[in-house]
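Student: Structure file protein_13.pdb (PDB, C-alpha atoms) right here:
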ATOM      1  CA  MET S   1     200.292  82.183 101.386
ATOM      2  CA  THR S   2     204.548  77.342 103.558
ATOM      3  CA  ASN S   3     212.067  70.317 106.958
ATOM      4  CA  PHE S   4     214.775  69.015 107.092
ATOM      5  CA  PRO S   5     216.639  67.127 109.877
ATOM      6  CA  TYR S   6     218.373  70.084 111.465
ATOM      7  CA  LEU S   7     215.442  72.486 111.790
ATOM      8  CA  ARG S   8     211.891  71.529 112.655
ATOM      9  CA  PHE S   9     208.977  73.821 113.265
ATOM     10  CA  SER S  10     208.358  72.031 116.540
ATOM     11  CA  GLU S  11     211.637  73.502 117.814
ATOM     12  CA  LYS S  12     209.991  76.931 117.585
ATOM     13  CA  THR S  13     213.184  78.359 116.104
ATOM     14  CA  THR S  14     212.417  81.903 114.956
ATOM     15  CA  VAL S  15     214.327  85.158 114.871
ATOM     16  CA  LYS S  16     212.646  86.144 118.119
ATOM     17  CA  ASN S  17     213.932  82.972 119.783
ATOM     18  CA  LEU S  18     217.405  83.640 118.484
ATOM     19  CA  LEU S  19     217.497  86.971 120.264
ATOM     20  CA  HIS S  20     217.084  85.142 123.563
ATOM     21  CA  GLN S  21     219.977  82.737 123.109
ATOM     22  CA  ASN S  22     222.912  83.019 125.486
ATOM     23  CA  THR S  23     225.655  83.857 122.980
ATOM     24  CA  MET S  24     224.817  87.301 121.678
ATOM     25  CA  LYS S  25     227.749  87.358 119.234
ATOM     26  CA  ILE S  26     226.334  84.357 117.385
ATOM     27  CA  THR S  27     222.785  85.718 117.633
ATOM     28  CA  ASP S  28     223.772  89.079 116.179
ATOM     29  CA  ARG S  29     225.652  87.429 113.336
ATOM     30  CA  LYS S  30     222.775  85.080 112.551
ATOM     31  CA  THR S  31     220.320  87.967 112.516
ATOM     32  CA  GLU S  32     222.641  89.853 110.168
ATOM     33  CA  ILE S  33     222.800  86.842 107.851
ATOM     34  CA  ILE S  34     219.005  86.587 107.784
ATOM     35  CA  THR S  35     218.625  90.310 107.083
ATOM     36  CA  ILE S  36     221.112  90.314 104.217
ATOM     37  CA  ALA S  37     219.709  87.090 102.756
ATOM     38  CA  ALA S  38     216.177  88.540 102.762
ATOM     39  CA  LYS S  39     217.438  91.534 100.777
ATOM     40  CA  LEU S  40     219.142  89.263  98.239
ATOM     41  CA  PHE S  41     216.064  87.031  97.954
ATOM     42  CA  LYS S  42     213.968  90.114  97.210
ATOM     43  CA  GLU S  43     216.395  91.375  94.550
ATOM     44  CA  LYS S  44     217.209  88.088  92.796
ATOM     45  CA  GLY S  45     214.697  85.503  93.983
ATOM     46  CA  TYR S  46     215.404  82.619  96.342
ATOM     47  CA  SER S  47     216.425  80.156  93.632
ATOM     48  CA  ALA S  48     219.040  82.471  92.144
ATOM     49  CA  VAL S  49     220.816  83.219  95.444
ATOM     50  CA  THR S  50     223.558  80.932  96.750
ATOM     51  CA  MET S  51     225.190  80.692 100.157
ATOM     52  CA  ARG S  52     228.322  82.041  98.463
ATOM     53  CA  ASP S  53     226.334  85.114  97.369
ATOM     54  CA  ILE S  54     225.217  85.715 100.944
ATOM     55  CA  ALA S  55     228.755  85.290 102.279
ATOM     56  CA  GLN S  56     230.092  87.666  99.633
ATOM     57  CA  ALA S  57     227.487  90.297 100.558
ATOM     58  CA  MET S  58     228.670  90.009 104.159
ATOM     59  CA  ASP S  59     232.330  90.103 103.100
ATOM     60  CA  ILE S  60     233.100  86.775 104.767
ATOM     61  CA  LYS S  61     234.106  83.346 103.516
ATOM     62  CA  ALA S  62     231.334  80.884 102.732
ATOM     63  CA  ALA S  63     232.803  78.447 105.267
ATOM     64  CA  SER S  64     232.317  81.041 108.002
ATOM     65  CA  LEU S  65     228.661  81.333 107.089
ATOM     66  CA  TYR S  66     228.080  77.698 107.968
ATOM     67  CA  ASN S  67     229.203  78.377 111.533
ATOM     68  CA  HIS S  68     225.901  80.190 112.019
ATOM     69  CA  ILE S  69     223.476  78.888 109.369
ATOM     70  CA  LYS S  70     223.313  75.322 108.094
ATOM     71  CA  SER S  71     221.706  76.059 104.718
ATOM     72  CA  LYS S  72     219.801  78.498 102.564
ATOM     73  CA  GLN S  73     216.634  76.562 103.389
ATOM     74  CA  GLU S  74     217.109  77.291 107.092
ATOM     75  CA  ILE S  75     217.304  80.996 106.298
ATOM     76  CA  LEU S  76     214.096  80.802 104.279
ATOM     77  CA  VAL S  77     212.267  79.099 107.138
ATOM     78  CA  LEU S  78     213.476  81.680 109.657
ATOM     79  CA  ILE S  79     212.284  84.523 107.436
ATOM     80  CA  VAL S  80     208.974  83.188 106.165
ATOM     81  CA  ILE S  81     207.666  81.286 109.176
ATOM     82  CA  ASP S  82     208.538  84.079 111.597
ATOM     83  CA  ILE S  83     206.668  86.759 109.675
ATOM     84  CA  ALA S  84     203.756  84.437 108.834
ATOM     85  CA  GLU S  85     203.355  83.632 112.530
ATOM     86  CA  GLU S  86     203.223  87.355 113.307
ATOM     87  CA  PHE S  87     200.444  87.859 110.764
ATOM     88  CA  THR S  88     198.590  84.830 112.157
ATOM     89  CA  ASN S  89     198.876  85.791 115.818
ATOM     90  CA  VAL S  90     197.776  89.385 115.314
ATOM     91  CA  MET S  91     194.891  88.357 113.039
ATOM     92  CA  ASN S  92     193.711  85.898 115.712
ATOM     93  CA  GLU S  93     193.634  88.772 118.188
ATOM     94  CA  ILE S  94     191.769  91.019 115.757
ATOM     95  CA  VAL S  95     189.069  88.543 114.740
ATOM     96  CA  THR S  96     188.236  87.697 118.384
ATOM     97  CA  SER S  97     188.359  91.287 119.647
ATOM     98  CA  ASP S  98     185.226  93.074 120.846
ATOM     99  CA  ILE S  99     185.307  95.932 118.329
ATOM    100  CA  SER S 100     183.335  96.831 115.220
ATOM    101  CA  THR S 101     183.967  95.318 111.806
ATOM    102  CA  ILE S 102     185.283  98.635 110.502
ATOM    103  CA  GLN S 103     187.766  98.819 113.376
ATOM    104  CA  LYS S 104     188.885  95.242 112.696
ATOM    105  CA  ILE S 105     189.502  95.989 109.039
ATOM    106  CA  GLU S 106     191.425  99.108 110.023
ATOM    107  CA  LYS S 107     193.634  96.988 112.302
ATOM    108  CA  VAL S 108     194.259  94.482 109.494
ATOM    109  CA  ILE S 109     195.337  97.317 107.211
ATOM    110  CA  GLU S 110     197.566  98.721 109.952
ATOM    111  CA  LEU S 111     199.119  95.278 110.524
ATOM    112  CA  HIS S 112     200.160  94.964 106.886
ATOM    113  CA  ILE S 113     201.479  98.519 106.741
ATOM    114  CA  ASN S 114     203.503  98.140 109.954
ATOM    115  CA  ILE S 115     205.197  94.963 108.761
ATOM    116  CA  THR S 116     205.869  96.481 105.342
ATOM    117  CA  LEU S 117     207.483  99.544 106.874
ATOM    118  CA  ARG S 118     209.541  97.465 109.309
ATOM    119  CA  ASN S 119     210.704  94.660 107.038
ATOM    120  CA  ALA S 120     209.772  94.945 103.380
ATOM    121  CA  ASP S 121     212.517  92.506 102.342
ATOM    122  CA  ALA S 122     211.168  89.716 104.558
ATOM    123  CA  LEU S 123     207.634  90.412 103.344
ATOM    124  CA  ALA S 124     208.774  90.151  99.735
ATOM    125  CA  CYS S 125     210.416  86.826 100.573
ATOM    126  CA  LEU S 126     207.204  85.568 102.151
ATOM    127  CA  ASN S 127     205.138  86.542  99.120
ATOM    128  CA  ASN S 128     207.549  85.369  96.438
ATOM    129  CA  ASP S 129     209.472  82.431  97.895
ATOM    130  CA  TRP S 130     207.177  80.569 100.290
ATOM    131  CA  MET S 131     206.715  77.782  97.724
ATOM    132  CA  HIS S 132     210.358  76.796  98.227
ATOM    133  CA  LEU S 133     209.601  75.687 101.782
ATOM    134  CA  THR S 134     209.520  71.926 102.256
ATOM    135  CA  ASP S 135     207.720  69.228 104.236
ATOM    136  CA  THR S 136     206.124  70.300 107.526
ATOM    137  CA  ASP S 137     207.263  73.915 107.118
ATOM    138  CA  LEU S 138     205.369  74.188 103.838
ATOM    139  CA  VAL S 139     202.286  72.542 105.336
ATOM    140  CA  HIS S 140     202.441  74.845 108.348
ATOM    141  CA  PHE S 141     202.750  77.945 106.201
ATOM    142  CA  ILE S 142     199.851  77.024 103.944
ATOM    143  CA  LYS S 143     197.686  76.319 107.002
ATOM    144  CA  MET S 144     198.545  79.736 108.458
ATOM    145  CA  ARG S 145     197.754  81.472 105.172
ATOM    146  CA  GLU S 146     194.414  79.694 104.837
ATOM    147  CA  ASP S 147     193.507  80.436 108.468
ATOM    148  CA  TYR S 148     194.420  84.078 107.955
ATOM    149  CA  GLU S 149     192.166  84.411 104.941
ATOM    150  CA  ASP S 150     189.363  82.500 106.704
ATOM    151  CA  ASN S 151     189.546  84.909 109.629
ATOM    152  CA  PHE S 152     189.402  87.885 107.300
ATOM    153  CA  ARG S 153     186.427  86.256 105.582
ATOM    154  CA  ILE S 154     184.696  85.938 108.977
ATOM    155  CA  ILE S 155     185.254  89.648 109.608
ATOM    156  CA  ILE S 156     183.814  90.654 106.218
ATOM    157  CA  GLN S 157     180.810  88.309 106.457
ATOM    158  CA  LYS S 158     179.892  89.622 109.895
ATOM    159  CA  GLY S 159     180.271  93.195 108.680
ATOM    160  CA  ILE S 160     177.834  92.525 105.831
ATOM    161  CA  ALA S 161     175.394  90.698 108.123
ATOM    162  CA  ASP S 162     175.465  93.582 110.605
ATOM    163  CA  GLY S 163     175.056  96.180 107.882
ATOM    164  CA  GLU S 164     178.416  97.814 108.609
ATOM    165  CA  ILE S 165     179.716  97.299 105.080
ATOM    166  CA  LYS S 166     178.018  96.993 101.701
ATOM    167  CA  ASN S 167     176.561  93.654 100.645
ATOM    168  CA  LEU S 168     179.129  92.985  97.938
ATOM    169  CA  ASN S 169     180.725  89.698  96.940
ATOM    170  CA  VAL S 170     182.839  88.564  99.899
ATOM    171  CA  GLU S 171     185.595  87.027  97.781
ATOM    172  CA  VAL S 172     185.960  90.180  95.701
ATOM    173  CA  ILE S 173     186.357  92.223  98.876
ATOM    174  CA  ILE S 174     188.942  89.783 100.250
ATOM    175  CA  PHE S 175     190.925  89.615  97.006
ATOM    176  CA  SER S 176     190.907  93.365  96.422
ATOM    177  CA  THR S 177     191.942  94.229  99.972
ATOM    178  CA  LEU S 178     194.549  91.547 100.635
ATOM    179  CA  SER S 179     196.105  91.801  97.169
ATOM    180  CA  THR S 180     196.687  95.501  97.716
ATOM    181  CA  LEU S 181     198.085  95.057 101.214
ATOM    182  CA  ARG S 182     200.313  92.086 100.361
ATOM    183  CA  THR S 183     202.039  93.919  97.518
ATOM    184  CA  LEU S 184     202.480  97.266  99.248
ATOM    185  CA  TYR S 185     206.223  96.609  99.543
ATOM    186  CA  LEU S 186     206.523  96.805  95.742
ATOM    187  CA  TRP S 187     205.523 100.453  95.757
ATOM    188  CA  TYR S 188     206.191 102.010  99.149
ATOM    189  CA  GLY S 189     209.603 103.555  99.649
ATOM    190  CA  LYS S 190     209.940 104.737  96.089
ATOM    191  CA  LYS S 191     209.974 108.387  95.037
ATOM    192  CA  LYS S 192     207.238 110.569  96.524
ATOM    193  CA  SER S 193     205.902 107.870  98.855
ATOM    194  CA  PRO S 194     203.826 109.470 101.649
ATOM    195  CA  ASN S 195     204.993 109.382 105.248
ATOM    196  CA  PRO S 196     203.742 106.429 107.353
ATOM    197  CA  GLN S 197     200.898 108.304 109.025
ATOM    198  CA  ILE S 198     199.497 109.615 105.749
ATOM    199  CA  LEU S 199     199.920 106.157 104.234
ATOM    200  CA  LYS S 200     197.885 104.531 107.009
ATOM    201  CA  SER S 201     195.186 107.180 106.993
ATOM    202  CA  ASN S 202     194.771 107.269 103.227
ATOM    203  CA  MET S 203     194.864 103.516 102.732
ATOM    204  CA  VAL S 204     192.147 103.039 105.330
ATOM    205  CA  GLN S 205     189.992 105.614 103.551
ATOM    206  CA  VAL S 206     190.597 104.227 100.059
ATOM    207  CA  LEU S 207     190.152 100.561 100.984
ATOM    208  CA  LEU S 208     187.060 101.197 103.097
ATOM    209  CA  ASN S 209     185.360 104.004 101.189
ATOM    210  CA  GLY S 210     186.785 103.910  97.683
ATOM    211  CA  ILE S 211     187.651 107.107  95.808
ATOM    212  CA  VAL S 212     184.152 108.297  94.810
TER     213      VAL S 212
END
Taking this structure as input, can you express it in the form of structure tokens?
Tutor:
Amino acid sequence: MTNFPYLRFSEKTTVKNLLHQNTMKITDRKTEIITIAAKLFKEKGYSAVTMRDIAQAMDIKAASLYNHIKSKQEILVLIVIDIAEEFTNVMNEIVTSDISTIQKIEKVIELHINITLRNADALACLNNDWMHLTDTDLVHFIKMREDYEDNFRIIIQKGIADGEIKNLNVEVIIFSTLSTLRTLYLWYGKKKSPNPQILKSNMVQVLLNGIV
């Protein structure tokens, strides 16, 4: 698991901030642009999508797009940093919470599932296109990703030390669990996918207990 003069991380410009701006017409349009761009990034990849492609998908002229978004890079930052910050903030709450290791792992699984169900396109963009971030945005993203994995490592190590989970290789546990959760968007939503509640229940059982 991620600047340019017109958008700096220090400005705390995220989709959530946009929703609190005074001009709702501009906010709604910008959110629509971000949503459509995320879908295109997922389908074609960030590098293959142009601002003209985004404008065409919205049935507007490219010039009109620049009234709301300065560049494709700005869109990428708004998508990736926003969702990465959500993962980071919730993980920080989980790792410091006064609950068992099993409950913490369950909450991590639930976090990934909830974000996948709510915004699979943005999650795909985070996983596939974060390397196109630049400067401080790239550094910030990488730091968040490393902190996230470190916190998950802390949870697993404590669970092993306390005898709550098997004494298996920590890195294998981390890789197996996070790899599955991070790529859930590739599978869920296709034919015969279970409903959200069954998905959460079954994934917790499979990831915690295996299938035998």
Student: With all atoms listed in the file as the counted atoms, please give the residues lying no more than 12 Å from Ser201 in chain S, apart from itself and same-chain residues fewer than 6 positions off, as number ranges by chain.
Tutor: S: 106-107, 109-110, 113, 194-195, 207-209
Student: What are the closest atom pairs, with distances in Å to one decimal, for each residue of range 126-196 of chain S lying within 12 Å of range 70-77 of chain S, using all atoms listed in the file, rows by chain and rising residue number, as a Markdown table?
Tutor:
| residue | atom | partner | partner_atom | distance |
| --- | --- | --- | --- | --- |
| S:Leu126 | CA | S:Leu76 | CA | 8.6 |
| S:Asn127 | CA | S:Leu76 | CA | 11.8 |
| S:Asn128 | CA | S:Leu76 | CA | 11.2 |
| S:Asp129 | CA | S:Leu76 | CA | 8.0 |
| S:Trp130 | CA | S:Leu76 | CA | 8.0 |
| S:Met131 | CA | S:Leu76 | CA | 10.3 |
| S:His132 | CA | S:Gln73 | CA | 8.1 |
| S:Leu133 | CA | S:Val77 | CA | 6.9 |
| S:Thr134 | CA | S:Gln73 | CA | 8.6 |
| S:Asp135 | CA | S:Val77 | CA | 11.2 |
| S:Thr136 | CA | S:Val77 | CA | 10.7 |
| S:Asp137 | CA | S:Val77 | CA | 7.2 |
| S:Leu138 | CA | S:Val77 | CA | 9.1 |
| S:His140 | CA | S:Val77 | CA | 10.8 |
| S:Phe141 | CA | S:Val77 | CA | 9.6 |
Student: Nearest residue to Tyr148 in chain S out of S:Ala84, S:Phe175, S:Leu199, S:Lys190, using only C-alpha atoms?
Tutor: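 That would be S:Ala84, the residue with the smallest distance to Tyr148 in chain S.
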Student: Please evaluate the PyMOL selection byres ((chain S and resi 151-153) around 8) against the displayed coordinates and give the resulting residues as JSON, numbers by chain.
Tutor: {"S": [91, 92, 95, 147, 148, 149, 150, 154, 155, 156, 157, 170, 171, 174]}
Student: Find, counting all atoms listed in the file, the residue in S:Lys39, S:Lys44, S:Lys158, S:Arg29 that gets nearest to Leu65 in chain S.
Tutor: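 Of all the options, S:Arg29 lies closest to Leu65 in chain S.
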Student: Can you tell me which residues surround Ala62 in chain S at a distance of at most 9 Å, considering all atoms listed in the file, apart from same-chain residues fewer than 3 positions away, and format the answer as number ranges by chain?
Tutor: S: 51-56, 65-66
Student: Could you check the closest approach to Ser176 in chain S for each of S:Ile33, S:Val206, S:Ala120, S:Ala161 and tell me which residue wins, using all atoms listed in the file?
Tutor: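 Using all atoms listed in the file, the shortest distance to Ser176 in chain S belongs to S:Val206.
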Student: Using Å and a single decimal, report how far CA of Ile81 in chain S sits from CA of Asp121 in chain S.
Tutor: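 Straight-line distance from CA of Asp121 in chain S to CA of Ile81 in chain S works out to 14.0 Å.
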